[in-house]
Amino acid sequence: MWLTIPCYNEASRLDVGEVARLLEDPRVDALLVNDGSTDRTAELLAEIAAKHPSRARVLELSPNGGKGEAVRRGMLEALSIGSRVVGYLDADFATPPRELSRLLDALEGSEAKVVLGARIARLGAVVERNAARHYLGRVFATAASTVLDLAVYDTQCGAKLFRDTPALREALAAPFRSRWAFDVELIGRLTAAASPLTKHDFLEVPLGEWRDKRGSKLAGPAMLKAGADVLKLGASVATRGKRAFFAR
Ligand SMILES: Nc1nc2c(ncn2[C@@H]2O[C@H](COP(=O)(O)OP(=O)(O)O)[C@@H](O)[C@H]2O)c(=O)[nH]1
Ligand SMILES: [Mg+2]
């Protein structure tokens with residue numbers, strides 16, 4: 001499967017060793033999306049692709065269009081090169097490679113069409129998240145779950161896998177409205193597609209390890225913007241029904 005890794009100015013954060021560990025899973029290939037970075041990301045990604053010919057490739061986008069658009073274009077590219085499973089993972093490897101492999105095991109071992117990593121602090125797992133971000137994130141996820149009318153615990157985890165389905169292709173056909181709440185739009189579109197996915201098609205897998213990494217680009221203002229975007233989505237769905245997830 002071709003896994004999309006959106007990269008915006010990740011030259012100093014993207015760990016080449018982690019990419020190599022990801023590729024140790026023979027099922028996983030890396031589609032690195034350079035989203036109009038202004039640092040040395042392009043050079044670094046080209047080096048990674050040269051080091052792993054046929055297992056890593058780069059998609060160059062410019063100008064910077066935001067994570068949602070980078071993920072959408074990456075997954076479309078993956079589908080167009082025949083990947084039967086697609087997905088995305090944050091470039092900071094907050095979700096480590098072996099957890100991504102566990103998500104893939106879960107997808108392959110079930111009938112699920114979508115597998116979502118869930119950051120649930122619990123005994124036996126290492127989930128390290130700054131308290132303020134955790135609580136803001138919980139408020140956001142609860143609002144998102146209400147808007148989606150789906151009992152999803154963690155809409156915002158940066159590790160998600162999807163089987164190629166008509167619903168996925170329909171969901172990815174046009175850009176998302178929101179730059180940071182695009183995960184919510186994507187899930188909403190899947191449930192509102194012409195051949196919709198139902199709650200039985202989704203599986204959330206609690207991660208065994210997740211560590212908040214420094215250098216997040218989702219600072220206070222972006223978090224508030226994401227929250228406002230979810231409320232706007234909720235308002236459109238309330239007035240126009242689920243197809244509003246497809247509105248531009
Ligand atoms: N394509 C793209 N990716 C972005 C942008 N901003 C952040 N990202 C990527 O989104 C992922 C998560 O970003 P991060 O800053 O760690 O945010 P957080 O962990 O969600 O707070 C990383 O892979 C980033 O490179 C952007 O403007 N465009
Ligand atoms: Mg991060």
# chains A, B, ... in the order shown; residues from 1 in each chain; ligands from 1

call {"tool": "residues_near_ligand", "arguments": {"ligand": "ligand 1", "cutoff": "9 Å", "atoms": "only C-alpha atoms and all ligand atoms", "output": "ChimeraX atom specification"}}
result
/A:5-10,13-14,33-37,61,64-71,88-94,133,156-158,179-180,212-219,223

call {"tool": "residues_around", "arguments": {"residues": "Ile120 (chain A)", "least_positions_apart": "6", "cutoff": "12 Å", "atoms": "only C-alpha atoms", "output": "PyMOL selection string"}}
result
chain A and resi 126-129+134+137-138+153-154+157+204-211

call {"tool": "select_by_dssp", "arguments": {"residues": "region 12-244 of chain A", "states": "strand (DSSP E or B)", "output": "PyMOL selection string"}}
result
chain A and resi 29-35+56-61+85-89+114-118+126-128+159-163+202-206+209-211

call {"tool": "closest_residue", "arguments": {"among": "A:Ile187, A:Ala144, A:Ala171, A:Ala46", "to": "Leu116 (chain A)", "atoms": "only C-alpha atoms"}}
result
A:Ile187

call {"tool": "closest_residue", "arguments": {"among": "A:Ala50, A:Ala159, A:Met1, A:Ala78", "to": "ligand 2", "atoms": "only C-alpha atoms and all ligand atoms"}}
result
A:Ala159

call {"tool": "closest_residue", "arguments": {"among": "A:Asp29, A:Ile81, A:Gly234, A:Gly220", "to": "Ala132 (chain A)", "atoms": "only C-alpha atoms"}}
result
A:Gly220
